[in-house]
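Data first, discussion second: the structure below is written as structure tokens.
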Amino acid sequence: MDLKKIYQKLRERKTKKSNRPSTPSSDLESSIFPDNDHAESRIKPEEVSEDYRGILEKIKLRNSILYESIKELNEYQQKAIFTNNKKTLVSAMVGSGKTTVLVHKVLYLHFIKNIPLNKMAVLTFTNKAANEIKERIMTFYMQSNDSCAPDFSLFGTFHSVARNILANNHHLTKLGYTSNFTIMDENEKKEFYLRIADELYLNIKYRNKIDKRIERYIDNLSRAENKRVLYGNMKNEDDLKKLVEIGYERKKQNNVMDFDDLINNANLVLSYPENSFHPKWIVVDEFQDCNLMQIEMIMNMANDSTLIFAVGDPNQLIYTWRGSDLSIFYDFKLNECKEHHLPINYRSTSNILDVAKFLISYDTKELHGTRELGAPVSLINHYDSNQEARYLANSIKILNKEGVPFREIAILFRTKKQSQIFETVFEREGIPFEVTTRQTLQNIPSLHWLTQLLKACLNKQDLNSIYDAICNENYGIIEPSNVLLKKYKASVDKSDVRTELEKLIEWLSTNTNSGNDFLNFTTKMLQLEDWLENKTYAEIPNIFNYFELSTNLRPTSINYSKDVELVKKFLEEVSIYVQLNYDTDIKSSFLAAISEMSLGGHQIIGKTIDPNSEKVKLLTMHSAKGLEFRYVFISGANNGLIPLRYANMTAEQIEEEKRLFFVAMTRAKDYLEISYHTEPEGWNSYPEPSIYLDEIPKDLLKSKQVEKFIEEDIKSDNKTIDKVGQWYMGQFVKHPKYGTGTISKISKTNIVCDFEKFGEKSFAINFLPILPVEIV
DNA sequence: TTAGGGTAAGTTTTT
DNA sequence: CTTACCCTAA
């Protein structure tokens with residue numbers, strides 16, 4: 001159930017509150033705390049505080065619904081919820097119900113300890129996690145008698161909460177920003193820097209790698225000057241340093257922030273001595289993933305009377321490349337912190353846990369299973385990934401016939417590339433599947449354009465959004481060109497104090513052939529803020545008509561109906577966000593909603609992955625984190641792939657790959673199968689099983705070698721052959737442009753010719769522009 | 001300006 | 001191993 005539906009139900013109930021039945025409906029009850037079906041446990045925490053029973057009794061009197069829910073939890077979970085320590089770290093083992101504990105902690109603090117929800121900051125890393133927490137709390141609100149909608153203003157991702165802190169902080173101007181700043185995502189950031197480089201004729205090498213270079217530059221600020229700037233084959237420094245410095249100033253001029261700026265700037269305003277923003281409680285999810293900036297944000301939000309409750313699992317730390325580090329986790333733990341454990345895993349069979357245990361690096365003794373022995377874990381040796389894909393297609397068909405739904409089956413691998421062969425084979429074999437692809441706003445051009453348009457209207461200094469809104473190749477009113485911005489910037493009068501929006505519109509109207517449509521559209525842009533003035537959330541979808549999107553979305557385009565649908569859904573979503581998170585006025589609430597979309601909220605609209613769809617899931621190990629499946633197949637556990645081999649690997653990175661393998665294994669509920677290949681295709685993978693498999697005792701794994709399929713190999717399309725049709729190796733041929741040459745390579749789909757003057761050229765076999773040459 | 005030699009980098013992707 | 005692209009030599 002999504003937030004919108006819950007909210008609608010909540011509203012419905014509000015209106016007919018008087019004759020509402022006192023018992024909650026059963027469908028709600030079962031959906032509220034899904035992790036709790038195996039609550040009873042033989043394992044007990046060593047010490048149980050004296051007033052422990054008392055607390056439960058107290059809850060029973062205060063809120064019987066919460067009591068019913070909490071009494072189902074195990075004692076470790078209850079202890080973590082009842083703790084009132086200033087700093088608490090809950091080390092949660094994999095599959096031990098940490099989100100359940102987190103949600104109950106919030107409910108306990110609110111309903112029993114009377115902490116208002118808006119005095120609690122609940123910080124997560126993903127929108128998905130934030131939404132799940134909000135949904136569960138909403139559902140609880142619906143069950144209990146509370147009639148008002150909960151205030152989630154400090155619930156959200158670090159970035160989203162940071163944005164809201166900044167937008168509402170009086171000291172923001174000290175940083176050179178105003179409260180209507182907009183957010184640029186990673187792609188927009190790259191464009192932002194490249195445009196500066198273009199405009200100022202900066203010498204920038206490896207332009208396509210500019211994002212990586214800037215990141216590396218900032219990470220290496222402590223290193224020697226030229227070490228930070230050089231990349232690849234560069235011998236001399238380029239203007240990277242200058243670019244970063246100008247970028248820093250330009251972001252302020254344009255009133256835009258990138259993702260990192262949100263956290264960094266929030267830290268700056270929070271650490272001002274006059275800052276008075278301090279939540280009563282700070283609750284952190286996936287604490288092990290925090291980097292230093294995020295820890296700093298937690299600490300800056302806290303004051304002497306703030307209590308911190310963090311939940312995390314060091315064994316699932318797989319994002320150190322985003323700046324998190326085990327030392328952060330342990331430093332926090334050592335510093336006057338009460339530690340709790342959640343050692344009981346409800347997810348996997350004992351066989352699976354027994355194997356996974358050998359890969360655990362921290363708190364080894366603390367993982368306890370609750371389930372039956374189950375099927376043994378298999379280690380299977382395939383010839384290569386193609387053979388494996390055929391084998392799995394077969395196995396999955398059999399499983400499905402036996403009644404296992406496709407959605408309960410997942411195939412996990414280390415790199416995205418590995419999914420291709422499964423897609424090809426499953427497609428051919430008619431097995432329904434879905435691949436998790438990274439969704440960015442750029443993947444949905446109409447929504448990307450719309451966000452840029454709305455950003456441009458609300459932040460009239462955001463030159464990049466303004467330009468992209470007006471000069472978009474699909475939906476813009478003016479044809480984009482890579483010199484327009486440069487020319488505009490060069491000719492603009494520095495003493496002109498008007499906004500960039502006004503200036504660029506005027507400039508474009510005189511320097512391009514713009515017609516009435518342009519005038520009409522840009523006037524609408526300038527006036528959107530005024531239009532919004534006296535509107536309510538319910539009128540936000542009217543923006544569709546305001547901008548005449550039925551014509552501006554290009555009705556002749558093949559994407560038109562889809563675009564209209566997406567845009568309407570987007571505006572609807574914005575409307576709901578404004579309704580749920582209304583703060584001071586419609587304008588700032590609207591901007592908050594648009595910012596939320598920049599922070600990945602669009603995934604709600606554009607998402608193609610439905611966890612409940614009847615499809616086999618093909619996932620990278622990273623994207624499988626947090627998910628679970630009855631049947632899990634880990635593909636390609638070869639050395640070099642797990643751990644993935646690349647230059648200068650550190651011991652820490654080898655450890656992280658191990659944790660990743662652990663995460664992959666523990667996704668399985670009932671059945672786990674691990675494979676490696678005799679002849680792996682990647683340049684970096686060796687024909688031997690992963691080193692991590694050596695750490696697992698042989699008798700815990702059921703080893704098997706799969707016979708090679710003798711059917712025609714699917715990759716034979718690319719294999720070289722000697723002859724096809726009239727063509728043979730070494731044959732003399734003639735090409736109208738390249739002249740004469742000889743055939744140097746033949747495959748089922750292509751012929752490669754080596755021309756005397758032009759070297760090797762490849763041609764598709766169905767469209768050969770060459771002729772045979774008769775040798776006399 | 002162009003051709004060809006030389007060499008680092010390559011993965012994962014919460015926002 | 002392949003790719004991208006810097007760098008240098010004409």
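So you can find residues: chains in the structure tokens are A, B, ... in the order shown, residues in each start at 1, and ligands are numbered from 1 in order.
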
>> I'd like the neighbourhood of stretch 7-12 of chain B as a ChimeraX atom specification, where a residue qualifies if any of its atoms comes within 7 Å (using only C-alpha atoms (C1' of nucleotides)), though same-chain residues fewer than 4 positions away should be ignored.
In response: /A:232-233,415,622

Taking only residues of chain C that have an atom at most 10 Å from an atom of chain A, what is each one's shortest atom pair and its distance in Å to one decimal, using only C-alpha atoms (C1' of nucleotides), in chain and number order, as JSON lines?
```
{"residue": "C:DC1", "atom": "C1'", "partner": "A:Trp683", "partner_atom": "CA", "distance": 5.4}
{"residue": "C:DT2", "atom": "C1'", "partner": "A:Trp683", "partner_atom": "CA", "distance": 9.2}
{"residue": "C:DA4", "atom": "C1'", "partner": "A:Tyr206", "partner_atom": "CA", "distance": 8.8}
{"residue": "C:DC5", "atom": "C1'", "partner": "A:Tyr206", "partner_atom": "CA", "distance": 7.3}
{"residue": "C:DC6", "atom": "C1'", "partner": "A:Asn233", "partner_atom": "CA", "distance": 5.3}
{"residue": "C:DC7", "atom": "C1'", "partner": "A:Met234", "partner_atom": "CA", "distance": 8.1}
```

Could the residues in this selection be saved with C-alpha atoms (C1' of nucleotides) as a tab-separated table (two decimals), in the first residue's frame?
```
chain	number	residue	atom	x	y	z
C	1	DC	C1'	42.02	-7.81	-22.53
C	2	DT	C1'	39.77	-3.61	-24.60
C	4	DA	C1'	39.59	5.94	-24.63
C	5	DC	C1'	42.33	9.49	-25.39
C	6	DC	C1'	46.59	11.95	-24.15
C	7	DC	C1'	50.85	13.13	-26.18
```

Given only C-alpha atoms (C1' of nucleotides), how would the per-residue table for chain A near chain B read, listing every residue at most 10 Å away with its closest atom pair and distance in Å to one decimal, sorted by chain and number, as CSV?
```
residue,atom,partner,partner_atom,distance
A:Thr124,CA,B:DT14,C1',8.7
A:Phe125,CA,B:DT14,C1',5.1
A:Thr126,CA,B:DT14,C1',4.9
A:Asn127,CA,B:DT14,C1',8.2
A:Lys128,CA,B:DT14,C1',9.2
A:Ala129,CA,B:DT14,C1',9.5
A:Thr157,CA,B:DT15,C1',7.8
A:Phe158,CA,B:DT15,C1',8.2
A:His159,CA,B:DT15,C1',6.3
A:Ser160,CA,B:DT15,C1',8.5
A:Asp185,CA,B:DT15,C1',8.4
A:Glu186,CA,B:DT15,C1',9.1
A:Tyr231,CA,B:DA8,C1',7.9
A:Gly232,CA,B:DA8,C1',4.7
A:Asn233,CA,B:DT7,C1',6.2
A:Met234,CA,B:DA8,C1',9.5
A:Asp258,CA,B:DT15,C1',9.6
A:Phe259,CA,B:DT15,C1',6.2
A:Asp260,CA,B:DT15,C1',8.6
A:Leu262,CA,B:DT15,C1',9.9
A:Asp289,CA,B:DT14,C1',8.9
A:Ile318,CA,B:DT12,C1',8.5
A:Tyr319,CA,B:DT12,C1',8.0
A:Trp321,CA,B:DT12,C1',8.4
A:Arg322,CA,B:DT13,C1',9.0
A:Arg414,CA,B:DT12,C1',7.9
A:Thr415,CA,B:DT11,C1',6.7
A:Lys416,CA,B:DT11,C1',8.9
A:Arg438,CA,B:DT13,C1',7.7
A:Ser598,CA,B:DT15,C1',9.0
A:Leu599,CA,B:DT15,C1',5.8
A:Gly600,CA,B:DT15,C1',7.0
A:Thr620,CA,B:DT12,C1',8.3
A:Met621,CA,B:DT12,C1',8.4
A:His622,CA,B:DT12,C1',6.4
A:Ser623,CA,B:DT13,C1',8.6
A:Leu641,CA,B:DT11,C1',9.7
A:Leu644,CA,B:DT11,C1',7.3
A:Arg645,CA,B:DT11,C1',8.9
A:Tyr646,CA,B:DG10,C1',7.4
A:Ala647,CA,B:DA9,C1',8.3
A:Glu657,CA,B:DT12,C1',10.0
A:Leu660,CA,B:DT12,C1',9.8
A:Asn684,CA,B:DG10,C1',9.7
```

Need to verify the contact set: A:Lys569, 10 Å, only C-alpha atoms (C1' of nucleotides), exclusion of same-chain residues closer than 2 positions in sequence. Can you return it as an mmCIF file with C-alpha atoms, in the first residue's frame?
```cif
data_model
loop_
_atom_site.group_PDB
_atom_site.id
_atom_site.type_symbol
_atom_site.label_atom_id
_atom_site.label_comp_id
_atom_site.auth_asym_id
_atom_site.auth_seq_id
_atom_site.Cartn_x
_atom_site.Cartn_y
_atom_site.Cartn_z
ATOM 1 C CA LEU A 447 9.802 14.322 -16.667
ATOM 2 C CA PRO A 541 -2.211 19.369 -11.515
ATOM 3 C CA ASP A 563 4.390 11.518 -21.837
ATOM 4 C CA VAL A 564 0.992 12.985 -21.011
ATOM 5 C CA GLU A 565 0.352 10.122 -18.639
ATOM 6 C CA LEU A 566 3.745 10.502 -16.946
ATOM 7 C CA VAL A 567 3.508 14.267 -16.615
ATOM 8 C CA LEU A 571 1.999 16.618 -11.063
ATOM 9 C CA GLU A 572 -0.413 14.451 -9.108
ATOM 10 C CA GLU A 573 2.501 13.153 -7.027
ATOM 11 C CA VAL A 574 3.750 16.707 -6.435
ATOM 12 C CA SER A 575 0.267 17.679 -5.339
ATOM 13 C CA HIS A 602 10.547 10.408 -9.561
ATOM 14 C CA ILE A 604 7.730 6.461 -7.702
ATOM 15 C CA ILE A 605 6.328 7.562 -11.058
ATOM 16 C CA GLY A 606 8.705 6.008 -13.516
#
```

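Relative to atom CA of A:Gln78, atom CA of A:Thr306 is found at 21.4 Å.
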
Sel. of alpha helix (DSSP H) residues, stretch 498-711 of chain A, as a compact mmCIF listing (two decimals) with N, CA and C atoms, in the first residue's frame:
```
# COMPACT_ATOMS: atom_id res chain seq x y z
N GLU A 500 18.43 35.82 -14.12
CA GLU A 500 18.92 35.12 -15.31
C GLU A 500 17.74 34.75 -16.21
N LEU A 501 16.63 34.40 -15.60
CA LEU A 501 15.46 34.02 -16.40
C LEU A 501 15.02 35.18 -17.29
N GLU A 502 14.92 36.35 -16.70
CA GLU A 502 14.52 37.53 -17.48
C GLU A 502 15.54 37.85 -18.56
N LYS A 503 16.82 37.82 -18.15
CA LYS A 503 17.88 38.20 -19.08
C LYS A 503 17.98 37.23 -20.25
N LEU A 504 17.92 35.93 -19.94
CA LEU A 504 18.07 34.96 -21.02
C LEU A 504 16.88 35.01 -21.98
N ILE A 505 15.68 35.20 -21.42
CA ILE A 505 14.50 35.28 -22.29
C ILE A 505 14.65 36.47 -23.24
N GLU A 506 15.07 37.60 -22.68
CA GLU A 506 15.22 38.78 -23.54
C GLU A 506 16.28 38.54 -24.61
N TRP A 507 17.39 37.96 -24.18
CA TRP A 507 18.49 37.72 -25.12
C TRP A 507 18.07 36.77 -26.24
N LEU A 508 17.38 35.69 -25.84
CA LEU A 508 16.95 34.71 -26.84
C LEU A 508 15.96 35.32 -27.81
N SER A 509 15.10 36.21 -27.31
CA SER A 509 14.08 36.79 -28.19
C SER A 509 14.71 37.68 -29.25
N THR A 510 15.87 38.25 -28.96
CA THR A 510 16.50 39.09 -29.98
C THR A 510 17.55 38.34 -30.78
N ASN A 511 18.12 37.25 -30.22
CA ASN A 511 19.21 36.58 -30.91
C ASN A 511 18.85 35.25 -31.56
N ASN A 516 5.73 33.81 -31.60
CA ASN A 516 4.71 34.05 -30.58
C ASN A 516 4.69 32.96 -29.52
N ASP A 517 4.94 31.72 -29.97
CA ASP A 517 4.96 30.60 -29.04
C ASP A 517 5.99 30.84 -27.94
N PHE A 518 7.12 31.35 -28.36
CA PHE A 518 8.21 31.62 -27.42
C PHE A 518 7.76 32.65 -26.39
N LEU A 519 7.19 33.73 -26.86
CA LEU A 519 6.74 34.79 -25.98
C LEU A 519 5.70 34.27 -24.99
N ASN A 520 4.78 33.54 -25.54
CA ASN A 520 3.70 32.97 -24.74
C ASN A 520 4.25 32.06 -23.63
N PHE A 521 5.13 31.15 -24.06
CA PHE A 521 5.66 30.15 -23.13
C PHE A 521 6.52 30.80 -22.04
N THR A 522 7.41 31.68 -22.46
CA THR A 522 8.32 32.27 -21.49
C THR A 522 7.59 33.22 -20.53
N THR A 523 6.54 33.85 -21.01
CA THR A 523 5.73 34.67 -20.11
C THR A 523 5.12 33.81 -19.02
N LYS A 524 4.66 32.64 -19.43
CA LYS A 524 4.11 31.69 -18.46
C LYS A 524 5.17 31.32 -17.42
N MET A 525 6.40 31.14 -17.90
CA MET A 525 7.48 30.79 -16.97
C MET A 525 7.68 31.89 -15.94
N LEU A 526 7.71 33.12 -16.44
CA LEU A 526 7.94 34.25 -15.53
C LEU A 526 6.81 34.40 -14.52
N GLN A 527 5.62 33.97 -14.90
CA GLN A 527 4.45 34.23 -14.04
C GLN A 527 4.01 33.04 -13.20
N LEU A 528 4.71 31.93 -13.31
CA LEU A 528 4.24 30.75 -12.58
C LEU A 528 4.13 31.01 -11.08
N GLU A 529 5.10 31.71 -10.54
CA GLU A 529 5.08 31.99 -9.10
C GLU A 529 3.82 32.76 -8.70
N ASP A 530 3.48 33.77 -9.50
CA ASP A 530 2.26 34.53 -9.22
C ASP A 530 1.03 33.65 -9.32
N TRP A 531 1.05 32.82 -10.33
CA TRP A 531 -0.09 31.92 -10.53
C TRP A 531 -0.29 31.02 -9.30
N LEU A 532 0.85 30.56 -8.75
CA LEU A 532 0.79 29.64 -7.61
C LEU A 532 0.21 30.31 -6.36
N ILE A 543 -1.25 22.79 -13.57
CA ILE A 543 -0.05 23.26 -14.26
C ILE A 543 0.00 22.68 -15.67
N PHE A 544 -0.59 21.50 -15.81
CA PHE A 544 -0.65 20.87 -17.13
C PHE A 544 -1.32 21.80 -18.14
N ASN A 545 -2.43 22.39 -17.74
CA ASN A 545 -3.12 23.32 -18.62
C ASN A 545 -2.43 24.68 -18.66
N TYR A 546 -1.91 25.09 -17.51
CA TYR A 546 -1.24 26.38 -17.44
C TYR A 546 -0.15 26.49 -18.50
N LEU A 549 0.44 21.98 -21.85
CA LEU A 549 1.29 20.84 -22.14
C LEU A 549 0.69 19.91 -23.18
N SER A 550 -0.62 19.98 -23.36
CA SER A 550 -1.20 19.11 -24.37
C SER A 550 -0.64 19.47 -25.75
N THR A 551 -0.23 20.72 -25.94
CA THR A 551 0.46 21.04 -27.20
C THR A 551 1.97 21.07 -27.03
N ASN A 552 2.45 21.51 -25.87
CA ASN A 552 3.89 21.64 -25.70
C ASN A 552 4.62 20.31 -25.53
N TYR A 560 3.90 10.62 -27.18
CA TYR A 560 2.98 11.62 -26.64
C TYR A 560 2.05 11.11 -25.54
N SER A 561 1.33 10.02 -25.82
CA SER A 561 0.33 9.57 -24.83
C SER A 561 1.01 9.13 -23.55
N LYS A 562 2.18 8.48 -23.70
CA LYS A 562 2.94 8.06 -22.52
C LYS A 562 3.42 9.30 -21.74
N ASP A 563 3.91 10.29 -22.47
CA ASP A 563 4.39 11.52 -21.84
C ASP A 563 3.29 12.21 -21.06
N VAL A 564 2.13 12.33 -21.68
CA VAL A 564 0.99 12.98 -21.01
C VAL A 564 0.67 12.25 -19.72
N GLU A 565 0.66 10.95 -19.81
CA GLU A 565 0.35 10.12 -18.64
C GLU A 565 1.39 10.36 -17.53
N LEU A 566 2.67 10.32 -17.93
CA LEU A 566 3.75 10.50 -16.95
C LEU A 566 3.69 11.88 -16.30
N VAL A 567 3.52 12.90 -17.12
CA VAL A 567 3.51 14.27 -16.61
C VAL A 567 2.33 14.47 -15.65
N LYS A 568 1.19 13.94 -16.03
CA LYS A 568 0.01 14.08 -15.15
C LYS A 568 0.25 13.37 -13.82
N LYS A 569 0.86 12.20 -13.91
CA LYS A 569 1.15 11.44 -12.71
C LYS A 569 2.15 12.19 -11.83
N PHE A 570 3.13 12.78 -12.48
CA PHE A 570 4.14 13.56 -11.78
C PHE A 570 3.49 14.71 -11.01
N LEU A 571 2.64 15.47 -11.71
CA LEU A 571 2.00 16.62 -11.06
C LEU A 571 1.08 16.16 -9.93
N GLU A 572 0.45 15.03 -10.15
CA GLU A 572 -0.41 14.45 -9.11
C GLU A 572 0.43 14.12 -7.85
N GLU A 573 1.59 13.52 -8.11
CA GLU A 573 2.50 13.15 -7.03
C GLU A 573 3.00 14.40 -6.27
N VAL A 574 3.31 15.44 -7.03
CA VAL A 574 3.75 16.71 -6.43
C VAL A 574 2.62 17.26 -5.55
N SER A 575 1.44 17.19 -6.07
CA SER A 575 0.27 17.68 -5.34
C SER A 575 0.11 16.96 -4.00
N ILE A 576 0.27 15.65 -4.04
CA ILE A 576 0.14 14.86 -2.81
C ILE A 576 1.25 15.23 -1.82
N TYR A 577 2.46 15.38 -2.37
CA TYR A 577 3.56 15.75 -1.48
C TYR A 577 3.27 17.09 -0.79
N VAL A 578 2.78 18.04 -1.56
CA VAL A 578 2.47 19.36 -0.99
C VAL A 578 1.38 19.22 0.09
N GLN A 579 0.41 18.38 -0.19
CA GLN A 579 -0.66 18.16 0.77
C GLN A 579 -0.12 17.57 2.08
N LEU A 580 0.76 16.59 1.94
CA LEU A 580 1.27 15.90 3.13
C LEU A 580 2.32 16.72 3.87
N ILE A 586 2.42 27.92 -0.16
CA ILE A 586 2.32 27.00 -1.29
C ILE A 586 3.60 26.98 -2.11
N LYS A 587 4.23 28.15 -2.26
CA LYS A 587 5.41 28.24 -3.11
C LYS A 587 6.57 27.39 -2.56
N SER A 588 6.84 27.57 -1.26
CA SER A 588 7.96 26.81 -0.70
C SER A 588 7.61 25.33 -0.60
N SER A 589 6.34 25.02 -0.37
CA SER A 589 5.95 23.61 -0.32
C SER A 589 6.10 22.97 -1.69
N PHE A 590 5.73 23.75 -2.70
CA PHE A 590 5.84 23.26 -4.08
C PHE A 590 7.30 23.01 -4.44
N LEU A 591 8.16 23.96 -4.09
CA LEU A 591 9.59 23.81 -4.37
C LEU A 591 10.16 22.59 -3.63
N ALA A 592 9.70 22.39 -2.40
CA ALA A 592 10.15 21.22 -1.65
C ALA A 592 9.78 19.94 -2.39
N ALA A 593 8.59 19.95 -2.96
CA ALA A 593 8.13 18.76 -3.69
C ALA A 593 8.98 18.53 -4.94
N ILE A 594 9.29 19.61 -5.66
CA ILE A 594 10.13 19.47 -6.86
C ILE A 594 11.52 18.98 -6.47
N SER A 595 12.05 19.51 -5.36
CA SER A 595 13.37 19.08 -4.89
C SER A 595 13.35 17.60 -4.55
N GLU A 596 12.25 17.18 -3.95
CA GLU A 596 12.12 15.77 -3.61
C GLU A 596 12.22 14.90 -4.88
N GLN A 603 11.24 8.16 -9.02
CA GLN A 603 11.20 6.70 -9.18
C GLN A 603 9.82 6.15 -8.88
N ILE A 604 9.09 6.88 -8.03
CA ILE A 604 7.73 6.46 -7.70
C ILE A 604 6.88 6.46 -8.97
N ILE A 605 7.13 7.44 -9.84
CA ILE A 605 6.33 7.56 -11.06
C ILE A 605 6.85 6.64 -12.15
N GLY A 606 8.15 6.69 -12.36
CA GLY A 606 8.70 6.01 -13.52
C GLY A 606 9.05 4.55 -13.28
N ALA A 651 43.36 -4.28 1.13
CA ALA A 651 42.82 -5.33 1.98
C ALA A 651 41.38 -5.02 2.38
N GLU A 652 41.11 -3.72 2.58
CA GLU A 652 39.74 -3.33 2.96
C GLU A 652 38.75 -3.66 1.85
N GLN A 653 39.20 -3.43 0.61
CA GLN A 653 38.31 -3.70 -0.51
C GLN A 653 38.02 -5.19 -0.65
N ILE A 654 39.05 -6.01 -0.36
CA ILE A 654 38.85 -7.46 -0.40
C ILE A 654 37.84 -7.87 0.67
N GLU A 655 37.92 -7.21 1.82
CA GLU A 655 36.95 -7.48 2.89
C GLU A 655 35.55 -7.07 2.46
N GLU A 656 35.47 -5.94 1.78
CA GLU A 656 34.15 -5.46 1.37
C GLU A 656 33.49 -6.41 0.37
N GLU A 657 34.29 -6.96 -0.53
CA GLU A 657 33.75 -7.91 -1.50
C GLU A 657 33.20 -9.15 -0.77
N LYS A 658 33.87 -9.48 0.31
CA LYS A 658 33.41 -10.62 1.11
C LYS A 658 32.06 -10.31 1.75
N ARG A 659 31.95 -9.11 2.28
CA ARG A 659 30.66 -8.71 2.86
C ARG A 659 29.58 -8.72 1.79
N LEU A 660 29.95 -8.31 0.58
CA LEU A 660 28.99 -8.29 -0.52
C LEU A 660 28.50 -9.71 -0.82
N PHE A 661 29.42 -10.64 -0.83
CA PHE A 661 29.08 -12.05 -1.05
C PHE A 661 28.15 -12.53 0.07
N PHE A 662 28.46 -12.10 1.28
CA PHE A 662 27.62 -12.44 2.43
C PHE A 662 26.20 -11.89 2.25
N VAL A 663 26.12 -10.63 1.84
CA VAL A 663 24.81 -10.02 1.61
C VAL A 663 24.05 -10.84 0.57
N ALA A 664 24.75 -11.21 -0.52
CA ALA A 664 24.09 -11.97 -1.59
C ALA A 664 23.53 -13.29 -1.06
N MET A 665 24.34 -14.01 -0.29
CA MET A 665 23.90 -15.32 0.23
C MET A 665 22.70 -15.18 1.15
N ILE A 691 37.93 -17.20 -3.68
CA ILE A 691 38.70 -17.50 -2.47
C ILE A 691 37.79 -17.63 -1.26
N TYR A 692 36.68 -16.93 -1.29
CA TYR A 692 35.79 -16.97 -0.13
C TYR A 692 35.16 -18.35 0.05
N LEU A 693 35.03 -19.08 -1.05
CA LEU A 693 34.43 -20.41 -0.95
C LEU A 693 35.37 -21.37 -0.21
N ASP A 694 36.67 -21.06 -0.23
CA ASP A 694 37.63 -21.89 0.52
C ASP A 694 37.40 -21.80 2.02
```

> Rounded to one decimal in Å, what is the spacing between atom CA of A:Thr440 and atom CA of A:Glu296?
Replying inline: 27.8 Å
